[in-house]
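S.K.: Coordinates in query-v6.txt, compact mmCIF, C-alpha atoms and all ligand atoms, are listed below.
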```txt
# COMPACT_ATOMS: atom_id res chain seq x y z
CA MET A 971 -12.02 119.53 -69.77
CA ALA A 972 -10.43 120.04 -73.15
CA GLU A 973 -12.70 120.08 -76.19
CA ASN A 974 -12.90 116.72 -77.95
CA ASN A 975 -11.71 114.82 -74.92
CA PRO A 976 -13.30 111.42 -75.67
CA TYR A 977 -13.93 110.88 -71.99
CA ASP A 978 -15.72 114.18 -71.51
CA PHE A 979 -19.29 113.02 -71.59
CA ASP A 980 -20.36 116.48 -70.42
CA GLN A 981 -19.52 117.85 -73.83
CA HIS A 982 -22.70 118.61 -75.75
CA VAL A 983 -22.64 117.25 -79.30
CA ASP A 984 -25.20 118.93 -81.50
CA ARG A 985 -27.15 116.15 -83.20
CA ARG A 986 -29.56 118.42 -85.04
CA ASN A 987 -29.31 118.28 -88.84
CA THR A 988 -27.72 114.83 -88.74
CA ASP A 989 -30.88 112.90 -89.72
CA CYS A 990 -31.04 111.63 -86.20
CA ASP A 991 -34.29 109.98 -85.02
CA LYS A 992 -34.01 111.11 -81.45
CA TRP A 993 -33.52 114.83 -82.02
CA ASP A 994 -35.48 115.21 -85.27
CA LYS A 995 -38.68 114.03 -83.58
CA TYR A 996 -38.69 117.30 -81.63
CA LYS A 997 -37.07 119.49 -84.25
CA ASP A 998 -37.95 123.17 -83.92
CA THR A 999 -39.60 122.64 -80.53
CA ASP A 1000 -38.40 123.13 -76.97
CA ILE A 1001 -38.99 119.47 -76.10
CA LEU A 1002 -35.94 117.60 -74.81
CA PRO A 1003 -35.53 114.25 -76.57
CA MET A 1004 -35.22 111.52 -73.93
CA TRP A 1005 -36.78 108.64 -75.80
CA VAL A 1006 -35.27 106.18 -78.34
CA ALA A 1007 -32.42 104.14 -76.86
CA ASP A 1008 -29.25 105.63 -78.21
CA THR A 1009 -27.03 108.01 -76.29
CA ASP A 1010 -25.94 111.53 -77.19
CA PHE A 1011 -22.26 110.58 -76.76
CA ARG A 1012 -19.68 110.33 -79.50
CA SER A 1013 -18.48 106.77 -80.06
CA PRO A 1014 -15.01 105.74 -78.81
CA PRO A 1015 -12.21 107.52 -80.72
CA GLU A 1016 -10.77 104.15 -81.76
CA VAL A 1017 -14.05 103.37 -83.52
CA LEU A 1018 -14.13 106.72 -85.28
CA ASP A 1019 -10.47 106.35 -86.33
CA ALA A 1020 -11.10 102.89 -87.75
CA LEU A 1021 -14.09 104.22 -89.70
CA HIS A 1022 -12.04 107.12 -91.05
CA GLN A 1023 -9.34 104.72 -92.22
CA ARG A 1024 -11.85 102.42 -93.86
CA ILE A 1025 -13.49 105.35 -95.68
CA ASP A 1026 -10.11 106.71 -96.75
CA HIS A 1027 -9.43 103.43 -98.49
CA GLY A 1028 -12.23 104.53 -100.77
CA VAL A 1029 -13.58 101.20 -102.02
CA LEU A 1030 -16.74 100.08 -100.28
CA GLY A 1031 -17.69 96.89 -102.10
CA TYR A 1032 -19.15 93.69 -100.62
CA GLY A 1033 -17.50 92.45 -97.48
CA HIS A 1034 -17.56 89.65 -94.94
CA ALA A 1035 -16.97 89.34 -91.21
CA PRO A 1036 -13.32 89.93 -90.33
CA ASP A 1037 -11.74 87.06 -88.40
CA ALA A 1038 -10.63 89.68 -85.90
CA LEU A 1039 -14.27 90.40 -85.07
CA THR A 1040 -15.22 86.77 -84.60
CA ASP A 1041 -12.10 86.18 -82.49
CA THR A 1042 -12.80 89.14 -80.26
CA ILE A 1043 -16.43 88.08 -79.69
CA VAL A 1044 -15.35 84.57 -78.74
CA ALA A 1045 -12.68 85.94 -76.39
CA ARG A 1046 -14.99 88.56 -74.90
CA LEU A 1047 -17.74 86.07 -74.08
CA ALA A 1048 -15.22 83.74 -72.45
CA GLU A 1049 -13.38 86.41 -70.49
CA ARG A 1050 -16.18 88.70 -69.43
CA TYR A 1051 -19.11 86.32 -69.26
CA ASN A 1052 -17.51 82.94 -68.72
CA TRP A 1053 -19.21 81.46 -71.77
CA LYS A 1054 -17.09 79.46 -74.19
CA ILE A 1055 -18.58 79.50 -77.66
CA ASP A 1056 -17.58 77.97 -80.95
CA PRO A 1057 -17.04 80.61 -83.69
CA GLU A 1058 -19.38 78.57 -85.90
CA TRP A 1059 -22.31 79.43 -83.65
CA ILE A 1060 -22.12 83.10 -84.61
CA VAL A 1061 -24.55 84.53 -87.16
CA TYR A 1062 -24.06 88.22 -87.96
CA LEU A 1063 -27.17 90.35 -88.42
CA PRO A 1064 -27.71 93.98 -89.45
CA GLY A 1065 -29.79 94.66 -86.32
CA LEU A 1066 -30.97 92.92 -83.23
CA VAL A 1067 -34.68 93.39 -83.89
CA CYS A 1068 -34.15 91.45 -87.07
CA GLY A 1069 -32.81 88.64 -84.83
CA LEU A 1070 -36.00 88.69 -82.74
CA ASN A 1071 -38.14 88.40 -85.86
CA LEU A 1072 -35.99 85.67 -87.40
CA THR A 1073 -36.04 83.64 -84.19
CA VAL A 1074 -39.83 83.69 -83.97
CA ARG A 1075 -40.17 82.68 -87.61
CA ALA A 1076 -37.46 80.03 -87.51
CA LEU A 1077 -38.37 78.33 -84.26
CA THR A 1078 -42.17 78.37 -84.31
CA GLU A 1079 -44.66 77.25 -86.89
CA ALA A 1080 -48.02 78.79 -87.85
CA LYS A 1081 -50.57 77.90 -85.11
CA GLU A 1082 -47.86 77.75 -82.45
CA ALA A 1083 -47.47 80.33 -79.69
CA ALA A 1084 -44.64 82.40 -78.30
CA MET A 1085 -44.59 84.01 -74.86
CA THR A 1086 -43.08 87.34 -73.99
CA PRO A 1087 -42.66 89.26 -70.75
CA CYS A 1088 -44.86 92.34 -70.51
CA PRO A 1089 -44.20 95.27 -70.28
CA ILE A 1090 -41.37 94.83 -72.74
CA TYR A 1091 -39.35 96.52 -75.47
CA PRO A 1092 -42.05 96.76 -78.21
CA PRO A 1093 -40.43 94.61 -80.97
CA PHE A 1094 -40.81 91.55 -78.71
CA VAL A 1095 -44.55 91.79 -79.24
CA SER A 1096 -44.42 92.90 -82.86
CA SER A 1097 -42.04 90.09 -83.87
CA ILE A 1098 -44.64 87.55 -82.72
CA LYS A 1099 -47.54 89.43 -84.28
CA LEU A 1100 -45.77 89.99 -87.60
CA ALA A 1101 -45.06 86.28 -87.83
CA GLU A 1102 -48.79 85.70 -87.16
CA ARG A 1103 -48.06 83.41 -84.22
CA GLU A 1104 -50.25 83.26 -81.16
CA ILE A 1105 -48.93 85.59 -78.48
CA CYS A 1106 -48.95 85.02 -74.75
CA LYS A 1107 -47.99 88.01 -72.59
CA VAL A 1108 -46.64 87.10 -69.19
CA PRO A 1109 -46.59 89.90 -66.60
CA VAL A 1110 -43.38 91.18 -65.13
CA ALA A 1111 -43.89 91.70 -61.41
CA LEU A 1112 -42.04 93.61 -58.71
CA LYS A 1113 -40.12 91.39 -56.32
CA GLU A 1114 -38.20 93.24 -53.62
CA GLY A 1115 -37.84 96.28 -55.85
CA ARG A 1116 -36.81 94.38 -58.99
CA TRP A 1117 -38.87 93.71 -62.10
CA LEU A 1118 -38.91 89.97 -62.81
CA ILE A 1119 -40.94 87.79 -65.13
CA ASP A 1120 -43.70 86.12 -63.11
CA LEU A 1121 -43.16 82.44 -63.86
CA GLU A 1122 -45.89 81.30 -61.49
CA ARG A 1123 -48.42 83.27 -63.49
CA ALA A 1124 -46.82 82.04 -66.69
CA ASP A 1125 -47.39 78.44 -65.64
CA ASN A 1126 -51.15 78.97 -65.78
CA LEU A 1127 -51.14 81.43 -68.64
CA ILE A 1128 -49.24 79.86 -71.47
CA PRO A 1129 -51.19 77.87 -74.04
CA LYS A 1130 -50.24 74.24 -74.69
CA ASN A 1131 -48.93 75.09 -78.14
CA THR A 1132 -46.29 77.49 -76.77
CA LYS A 1133 -42.91 76.75 -78.33
CA LEU A 1134 -40.81 79.83 -77.66
CA MET A 1135 -40.04 82.07 -74.73
CA MET A 1136 -38.78 85.58 -75.48
CA PHE A 1137 -36.53 86.80 -72.71
CA CYS A 1138 -34.73 90.08 -72.08
CA ASN A 1139 -31.75 90.34 -69.74
CA PRO A 1140 -30.76 93.00 -68.71
CA PHE A 1141 -34.39 93.90 -68.85
CA ASN A 1142 -35.66 96.76 -70.99
CA PRO A 1143 -37.59 98.67 -69.66
CA GLY A 1144 -37.03 97.78 -65.97
CA GLY A 1145 -33.21 97.60 -65.85
CA THR A 1146 -33.10 94.29 -63.96
CA VAL A 1147 -30.01 92.08 -64.16
CA TYR A 1148 -31.17 88.50 -63.60
CA ARG A 1149 -29.20 86.57 -61.00
CA ARG A 1150 -28.08 83.00 -61.45
CA GLU A 1151 -30.87 81.48 -59.34
CA GLU A 1152 -33.45 83.52 -61.26
CA LEU A 1153 -32.04 82.38 -64.59
CA GLU A 1154 -32.10 78.78 -63.31
CA GLU A 1155 -35.83 79.25 -62.70
CA VAL A 1156 -36.30 80.54 -66.24
CA LEU A 1157 -34.43 77.52 -67.54
CA ALA A 1158 -36.46 75.13 -65.38
CA PHE A 1159 -39.62 76.71 -66.78
CA ALA A 1160 -38.35 76.33 -70.35
CA GLU A 1161 -37.45 72.71 -69.69
CA LYS A 1162 -40.78 71.92 -68.06
CA HIS A 1163 -42.70 73.31 -71.05
CA ASP A 1164 -40.10 72.28 -73.61
CA LEU A 1165 -39.56 75.80 -74.94
CA TYR A 1166 -36.90 77.39 -77.05
CA VAL A 1167 -35.55 80.59 -75.51
CA CYS A 1168 -34.67 83.75 -77.39
CA SER A 1169 -32.48 85.71 -75.00
CA ASP A 1170 -31.98 89.36 -75.92
CA GLU A 1171 -28.84 90.43 -74.05
CA ILE A 1172 -28.13 93.64 -75.96
CA HIS A 1173 -27.64 95.64 -72.74
CA CYS A 1174 -25.25 93.14 -71.14
CA ASP A 1175 -22.24 95.49 -71.24
CA LEU A 1176 -24.17 98.30 -69.56
CA LEU A 1177 -24.27 97.10 -65.96
CA LEU A 1178 -24.40 100.05 -63.58
CA ASP A 1179 -24.29 98.27 -60.23
CA GLU A 1180 -20.66 97.50 -59.42
CA ASP A 1181 -21.54 94.08 -58.03
CA ALA A 1182 -23.95 93.10 -60.83
CA VAL A 1183 -22.84 90.20 -63.01
CA HIS A 1184 -24.23 89.37 -66.41
CA ILE A 1185 -24.73 85.66 -66.94
CA PRO A 1186 -25.65 84.66 -70.50
CA PHE A 1187 -28.74 82.44 -70.31
CA ALA A 1188 -27.16 79.92 -72.67
CA SER A 1189 -24.12 79.56 -70.42
CA LEU A 1190 -26.21 77.98 -67.65
CA SER A 1191 -26.02 74.43 -68.97
CA GLU A 1192 -25.99 72.19 -72.01
CA SER A 1193 -29.79 72.24 -72.01
CA ALA A 1194 -29.91 76.05 -71.96
CA GLN A 1195 -27.40 76.17 -74.78
CA LYS A 1196 -29.25 73.70 -76.99
CA ARG A 1197 -32.60 75.45 -76.74
CA SER A 1198 -31.44 79.05 -77.09
CA VAL A 1199 -30.73 81.86 -79.48
CA THR A 1200 -28.71 84.61 -77.79
CA LEU A 1201 -28.71 88.09 -79.27
CA ILE A 1202 -25.98 90.62 -78.46
CA ALA A 1203 -24.58 93.72 -80.12
CA PRO A 1204 -21.98 96.46 -79.70
CA SER A 1205 -24.65 99.00 -80.71
CA LYS A 1206 -25.89 100.20 -77.31
CA THR A 1207 -22.56 99.66 -75.59
CA PHE A 1208 -20.53 101.86 -77.93
CA ASN A 1209 -23.35 103.98 -79.38
CA ILE A 1210 -23.10 102.67 -82.93
CA ALA A 1211 -26.76 101.59 -83.30
CA GLY A 1212 -27.11 103.52 -86.56
CA LEU A 1213 -24.56 101.26 -88.23
CA GLY A 1214 -26.52 98.06 -87.62
CA ALA A 1215 -24.20 95.40 -86.24
CA SER A 1216 -25.68 92.56 -84.22
CA ILE A 1217 -24.78 89.02 -83.36
CA ALA A 1218 -26.91 85.92 -82.94
CA ILE A 1219 -25.32 82.97 -81.19
CA VAL A 1220 -27.07 79.73 -82.02
CA PRO A 1221 -25.18 76.74 -80.60
CA ASP A 1222 -27.48 73.93 -81.73
CA PRO A 1223 -26.81 72.96 -85.37
CA ASP A 1224 -30.48 72.22 -86.16
CA LEU A 1225 -31.67 75.52 -84.74
CA ARG A 1226 -28.85 77.33 -86.52
CA ARG A 1227 -29.77 75.72 -89.83
CA LYS A 1228 -33.40 76.84 -89.41
CA PHE A 1229 -32.29 80.32 -88.36
CA VAL A 1230 -29.91 80.77 -91.28
CA ARG A 1231 -32.45 79.39 -93.75
CA THR A 1232 -35.07 81.88 -92.57
CA ARG A 1233 -32.59 84.71 -93.05
CA GLN A 1234 -31.48 83.62 -96.50
CA GLY A 1235 -32.21 85.99 -99.37
CA ILE A 1236 -34.13 88.38 -97.14
CA VAL A 1237 -31.68 89.73 -94.59
CA PRO A 1238 -28.48 91.23 -96.03
CA SER A 1239 -25.09 90.74 -94.48
CA LEU A 1240 -23.57 93.58 -92.47
CA ASN A 1241 -22.27 96.60 -94.29
CA VAL A 1242 -18.51 96.99 -94.32
CA LEU A 1243 -18.55 100.00 -92.00
CA ALA A 1244 -20.54 98.06 -89.41
CA TYR A 1245 -17.91 95.31 -89.42
CA THR A 1246 -15.16 97.90 -89.06
CA ALA A 1247 -16.87 99.72 -86.19
CA ALA A 1248 -17.83 96.55 -84.32
CA THR A 1249 -14.31 95.15 -84.57
CA ALA A 1250 -12.68 98.36 -83.35
CA ALA A 1251 -15.24 98.78 -80.56
CA TYR A 1252 -14.79 95.31 -79.13
CA HIS A 1253 -11.01 95.42 -79.55
CA HIS A 1254 -10.22 98.89 -78.28
CA GLY A 1255 -13.33 100.40 -76.70
CA GLN A 1256 -13.00 99.19 -73.12
CA PRO A 1257 -11.36 102.28 -71.52
CA TRP A 1258 -14.01 104.48 -73.16
CA LEU A 1259 -16.75 102.09 -72.02
CA ASP A 1260 -15.47 102.15 -68.43
CA ALA A 1261 -15.58 105.95 -68.47
CA GLN A 1262 -19.05 105.92 -70.03
CA LEU A 1263 -20.28 103.55 -67.33
CA ASP A 1264 -19.02 105.89 -64.60
CA TYR A 1265 -20.89 108.73 -66.25
CA LEU A 1266 -24.10 106.73 -66.71
CA ARG A 1267 -23.90 105.50 -63.13
CA ALA A 1268 -23.86 109.10 -61.88
CA ASN A 1269 -26.75 109.95 -64.22
CA ARG A 1270 -28.66 106.96 -62.88
CA ASP A 1271 -28.03 108.11 -59.29
CA LEU A 1272 -29.28 111.59 -60.16
CA VAL A 1273 -32.45 110.25 -61.79
CA GLU A 1274 -33.17 107.99 -58.82
CA GLN A 1275 -32.55 110.76 -56.25
CA GLU A 1276 -34.72 113.26 -58.09
CA ILE A 1277 -37.63 111.00 -58.95
CA ALA A 1278 -37.75 109.77 -55.33
CA THR A 1279 -38.57 113.30 -54.20
CA ILE A 1280 -41.28 114.03 -56.77
CA PRO A 1281 -44.68 113.11 -55.33
CA GLY A 1282 -46.72 110.82 -57.56
CA LEU A 1283 -43.72 109.29 -59.36
CA GLU A 1284 -42.06 106.03 -58.50
CA LEU A 1285 -38.92 104.42 -59.80
CA GLN A 1286 -37.22 101.16 -58.84
CA HIS A 1287 -33.46 100.91 -58.62
CA ILE A 1288 -31.91 100.57 -62.09
CA GLU A 1289 -29.26 97.84 -62.15
CA ALA A 1290 -28.38 98.19 -65.84
CA THR A 1291 -29.15 100.10 -69.08
CA TYR A 1292 -29.53 103.88 -69.41
CA LEU A 1293 -33.31 103.70 -69.22
CA ALA A 1294 -35.55 104.64 -66.30
CA TRP A 1295 -38.99 103.02 -66.15
CA ILE A 1296 -41.00 105.57 -64.23
CA ASP A 1297 -44.37 104.76 -62.69
CA ALA A 1298 -46.67 107.77 -63.00
CA SER A 1299 -49.90 105.96 -62.12
CA ALA A 1300 -50.37 108.06 -58.96
CA LEU A 1301 -50.45 111.30 -60.96
CA PRO A 1302 -53.90 112.74 -61.67
CA VAL A 1303 -53.33 112.73 -65.45
CA ASP A 1304 -54.80 110.52 -68.17
CA ASN A 1305 -51.74 110.25 -70.30
CA PRO A 1306 -48.40 110.76 -68.49
CA PHE A 1307 -46.43 110.64 -71.74
CA ALA A 1308 -48.47 113.49 -73.28
CA PHE A 1309 -48.42 115.40 -70.01
CA PHE A 1310 -44.62 115.41 -69.77
CA GLU A 1311 -44.17 116.02 -73.47
CA GLU A 1312 -46.35 119.10 -73.09
CA ALA A 1313 -44.02 120.12 -70.25
CA GLY A 1314 -41.00 119.85 -72.56
CA VAL A 1315 -39.70 116.34 -71.89
CA GLY A 1316 -40.10 113.79 -74.69
CA MET A 1317 -39.91 110.34 -73.15
CA SER A 1318 -41.07 106.97 -74.52
CA PRO A 1319 -44.73 106.29 -73.81
CA GLY A 1320 -45.29 103.35 -71.48
CA SER A 1321 -48.17 102.30 -73.73
CA ASP A 1322 -45.63 101.22 -76.36
CA PHE A 1323 -44.26 98.75 -73.82
CA GLY A 1324 -47.62 97.59 -72.48
CA ASN A 1325 -48.41 99.97 -69.59
CA PRO A 1326 -49.70 103.48 -70.35
CA ASN A 1327 -49.23 104.58 -66.73
CA PHE A 1328 -45.47 104.55 -67.15
CA VAL A 1329 -42.95 106.60 -69.11
CA ARG A 1330 -39.42 105.55 -70.03
CA LEU A 1331 -36.71 108.15 -69.64
CA ASN A 1332 -33.43 107.73 -71.55
CA PHE A 1333 -30.64 109.16 -69.41
CA GLY A 1334 -27.86 108.50 -71.93
CA CYS A 1335 -27.21 112.21 -72.33
CA THR A 1336 -25.19 115.03 -70.80
CA ARG A 1337 -25.76 115.72 -67.12
CA GLU A 1338 -26.80 119.23 -68.06
CA LEU A 1339 -29.60 118.03 -70.31
CA LEU A 1340 -30.68 115.42 -67.78
CA THR A 1341 -30.77 117.99 -64.98
CA GLU A 1342 -32.97 120.25 -67.06
CA ALA A 1343 -35.30 117.37 -67.99
CA LEU A 1344 -35.66 116.39 -64.34
CA ARG A 1345 -36.32 120.02 -63.40
CA ARG A 1346 -39.09 120.22 -66.00
CA ILE A 1347 -40.60 116.98 -64.76
CA ARG A 1348 -40.63 118.32 -61.19
CA VAL A 1349 -42.13 121.67 -62.18
CA ALA A 1350 -44.82 119.96 -64.26
CA VAL A 1351 -45.84 117.72 -61.38
CA GLU A 1352 -45.87 120.66 -58.96
CA THR A 1353 -48.40 122.48 -61.14
CA LEU A 1354 -50.93 119.67 -60.73
C1 LIG A 1401 -33.82 95.02 -75.63
C2 LIG A 1401 -33.51 95.61 -76.96
N1 LIG A 1401 -33.36 94.81 -78.02
C3 LIG A 1401 -33.07 95.31 -79.26
C4 LIG A 1401 -32.91 96.66 -79.45
C5 LIG A 1401 -32.65 97.24 -80.84
O1 LIG A 1401 -31.68 96.61 -81.51
P1 LIG A 1401 -31.34 97.03 -83.03
O2 LIG A 1401 -31.38 98.52 -83.11
O3 LIG A 1401 -29.98 96.46 -83.23
O4 LIG A 1401 -32.35 96.38 -83.89
C6 LIG A 1401 -33.06 97.53 -78.38
C7 LIG A 1401 -32.96 98.98 -78.59
O5 LIG A 1401 -33.45 99.78 -77.84
C8 LIG A 1401 -33.34 97.00 -77.11
O6 LIG A 1401 -33.46 97.78 -76.03
```
For the file at hand, write its structure as structure tokens.
Ligand SMILES: Cc1ncc(COP(=O)(O)O)c(C=O)c1O
M.R.:
Amino acid sequence: MAENNPYDFDQHVDRRNTDCDKWDKYKDTDILPMWVADTDFRSPPEVLDALHQRIDHGVLGYGHAPDALTDTIVARLAERYNWKIDPEWIVYLPGLVCGLNLTVRALTEAKEAAMTPCPIYPPFVSSIKLAEREICKVPVALKEGRWLIDLERADNLIPKNTKLMMFCNPFNPGGTVYRREELEEVLAFAEKHDLYVCSDEIHCDLLLDEDAVHIPFASLSESAQKRSVTLIAPSKTFNIAGLGASIAIVPDPDLRRKFVRTRQGIVPSLNVLAYTAATAAYHHGQPWLDAQLDYLRANRDLVEQEIATIPGLELQHIEATYLAWIDASALPVDNPFAFFEEAGVGMSPGSDFGNPNFVRLNFGCTRELLTEALRRIRVAVETL
């Protein structure tokens, strides 16, 4: 393929010397960086063009959300996810983790508890701890090869003062896409215990199974809408995480007032480049995204095929995200993360998510790099 073809995801982009978290962690080593959740792909050309134009204007003073961004979010949620929202429900944030923290602080009081699935993307736990709320970890269990929050266990586990349920769909780290009946059960649980729900849906555009459908939790019913904060972002979808553009959707006016008040004076508005990139991505990024999804799907298939043939490793089918949650508990090693890092593959330690027997592999990279990482993993296991 021609150089700079935006749809050539095989093209290696050198990220060294760009102050990049993922590659700098293993600077000057032979360890392949397969950890933090961004991809090694260049963003859609339309996004880069829009950024160039904005920079060329030369004045980068204070800005506000362009109407075109709000309009495209409203249209996107209606068209792709069958959820009709009012533009007023949108609160822009310079990062999704900031939305997790704000939600905990806005919707629970001191001495109240919040529940989170576990294992889970680490800021779910830290947002509750940083707010000094009581934390209740509810296990995620395997059901017919899919990782799902165990609501039966949750029923007995959650303390009476629980006010908030943190929820992640598609699920990081397990890659599950919750189906309607499963979401209905989550809603029934929230209703039974009168909980608010913070639904992190950042990976909703990254569905790898052709027949998977993302259903926003809040779109289930009036009750789901009233009790929820939904968090989405173009950051994973279009690989613009470093710009910090995220969106909270808070339909209930009382919840929104609390949310906005908690943010006030502490959380800045988005920077002007983030607005520009997000608008261009949502408006023009779809053909690029479709091509990226094809590429990620093939990467996912490769990871699943390879891991299935390495004794001692287990991986469930990944319905969404570019993250593989690999069970290494059958390996005779104390610390699978350190073991594979030593073998030249830098994954995320499962301990960060709540289970040290797992590692999380980020396959948002060129096939060449992924193939080499999988080869190293195989060779390392064979030496045991
Ligand atoms: C589930 C989930 N939420 C939030 C984030 C991070 O969002 P941000 O970088 O916008 O804070 C990630 C990134 O990996 C994620 O996987």
S.K.: Distance limit 7 Å, reference ligand LIG 1401 (chain A), atoms considered: only C-alpha atoms and all ligand atoms. Which residues make the cut? Give them as a ChimeraX atom specification.
M.R.: /A:1006-1007,1065-1068,1091,1138,1141-1142,1170-1173,1203,1205,1211,1214-1216
S.K.: If you count all atoms listed in the file, which residues fall within 9 Å of region 1046-1053 of chain A, apart from same-chain ones fewer than 2 positions away, as an MDAnalysis selection string?
M.R.: chainID A and resid 1041:1044 1055 1183:1186 1188:1190 1252
S.K.: Hey, can you check how far CA of Val1156 (chain A) sits from CA of Lys1228 (chain A)?
M.R.: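 Pair CA of Val1156 (chain A) / CA of Lys1228 (chain A) returns 23.6 Å.
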S.K.: Up to 7 Å from (-40.8, 86.8, -72.9) in the file's coordinates: name the residues, counting all atoms listed in the file, as a PyMOL selection string.
M.R.: chain A and resi 1085-1087+1108+1135-1138
S.K.: Fewer than 2 positions away in the same chain doesn't count, so skip those; otherwise give me all residues within 12 Å of Asp1322 (chain A), counting all atoms listed in the file, as number ranges by chain.
M.R.: A: 1005-1006, 1088-1096, 1143, 1307, 1317-1320, 1324-1330
S.K.: Using C-alpha atoms, can you write the selected residues to a file as an mmCIF file, keeping the file's coordinate frame?
M.R.:
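File selection-v5.cif, as written:
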```cif
data_model
loop_
_atom_site.group_PDB
_atom_site.id
_atom_site.type_symbol
_atom_site.label_atom_id
_atom_site.label_comp_id
_atom_site.auth_asym_id
_atom_site.auth_seq_id
_atom_site.Cartn_x
_atom_site.Cartn_y
_atom_site.Cartn_z
ATOM 1 C CA TRP A 1005 -36.780 108.640 -75.800
ATOM 2 C CA VAL A 1006 -35.270 106.180 -78.340
ATOM 3 C CA CYS A 1088 -44.860 92.340 -70.510
ATOM 4 C CA PRO A 1089 -44.200 95.270 -70.280
ATOM 5 C CA ILE A 1090 -41.370 94.830 -72.740
ATOM 6 C CA TYR A 1091 -39.350 96.520 -75.470
ATOM 7 C CA PRO A 1092 -42.050 96.760 -78.210
ATOM 8 C CA PRO A 1093 -40.430 94.610 -80.970
ATOM 9 C CA PHE A 1094 -40.810 91.550 -78.710
ATOM 10 C CA VAL A 1095 -44.550 91.790 -79.240
ATOM 11 C CA SER A 1096 -44.420 92.900 -82.860
ATOM 12 C CA PRO A 1143 -37.590 98.670 -69.660
ATOM 13 C CA PHE A 1307 -46.430 110.640 -71.740
ATOM 14 C CA MET A 1317 -39.910 110.340 -73.150
ATOM 15 C CA SER A 1318 -41.070 106.970 -74.520
ATOM 16 C CA PRO A 1319 -44.730 106.290 -73.810
ATOM 17 C CA GLY A 1320 -45.290 103.350 -71.480
ATOM 18 C CA GLY A 1324 -47.620 97.590 -72.480
ATOM 19 C CA ASN A 1325 -48.410 99.970 -69.590
ATOM 20 C CA PRO A 1326 -49.700 103.480 -70.350
ATOM 21 C CA ASN A 1327 -49.230 104.580 -66.730
ATOM 22 C CA PHE A 1328 -45.470 104.550 -67.150
ATOM 23 C CA VAL A 1329 -42.950 106.600 -69.110
ATOM 24 C CA ARG A 1330 -39.420 105.550 -70.030
#
```
S.K.: CA of Asp1304 (chain A) and CA of Gly1282 (chain A), how far apart in Å?
M.R.: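 Atom-to-atom, CA of Gly1282 (chain A) to CA of Asp1304 (chain A), that is 13.3 Å.
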S.K.: I need the residue nearest Leu1039 (chain A) from this list: A:Ile1025, A:Leu1063, A:Ala1251, A:Ala1182. Use only C-alpha atoms for the distance.
M.R.: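 Closest to Leu1039 (chain A), using only C-alpha atoms: A:Ala1251.
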S.K.: Kindly indicate which residue among A:Val1017, A:Ala1290, A:Ile1210, A:Thr1341 lies nearest to Gln1275 (chain A), using all atoms listed in the file for the distances.
M.R.: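 Of A:Val1017, A:Ala1290, A:Ile1210, A:Thr1341, the one nearest Gln1275 (chain A), counting all atoms listed in the file, is A:Thr1341.
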S.K.: Using only C-alpha atoms, which residue out of A:Ile1219, A:Leu1331, A:Cys1106, A:Val983 lies closest to Asp1125 (chain A)?
M.R.: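 When distances to Asp1125 (chain A) are compared using only C-alpha atoms, the smallest one comes from A:Cys1106.
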S.K.: Report as a PyMOL selection string all protein, DNA and RNA residues lying within 12 Å of Val1237 (chain A), evaluated on only C-alpha atoms, omitting residues in the same chain fewer than 4 positions from it.
M.R.: chain A and resi 1061-1069+1071-1072+1229-1233+1241
S.K.: Just how far from CA of Leu1018 (chain A) is CA of Arg986 (chain A), in Å to one decimal?
M.R.: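 Interatomic distance, CA of Arg986 (chain A) to CA of Leu1018 (chain A): 19.4 Å.
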S.K.: For Gly1314 (chain A), which of A:Leu1354, A:Glu1284, A:Leu1112, A:Ile1347 is the closest residue, counting all atoms listed in the file?
M.R.: A:Ile1347
S.K.: At most 6 Å from (-13.6, 101.0, -82.1), file frame, only C-alpha atoms: which residues, as a list in words?
M.R.: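 Protein, DNA and RNA residues close to (-13.6, 101.0, -82.1): Pro1014, Glu1016, Val1017, Ala1247, Ala1250, Ala1251, His1254 and Gly1255 of chain A.
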S.K.: For Glu1312 (chain A), find every residue with an atom within 12 Å (counting only C-alpha atoms), except residues of its own chain fewer than 3 positions away, and show them as a list of chain:residue names.
M.R.: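 What passes the distance filter is A:Tyr996, A:Thr999, A:Asp1000, A:Ile1001, A:Leu1002, A:Asn1305, A:Pro1306, A:Phe1307, A:Ala1308, A:Phe1309, A:Val1315, A:Gly1316, A:Met1317, A:Arg1346, A:Ile1347, A:Val1349, A:Ala1350, A:Val1351.
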S.K.: So which one's closest to Leu1272 (chain A), A:Glu1311, A:Glu1155, A:Glu1342, A:Glu1180? Using all atoms listed in the file, please.
M.R.: A:Glu1342
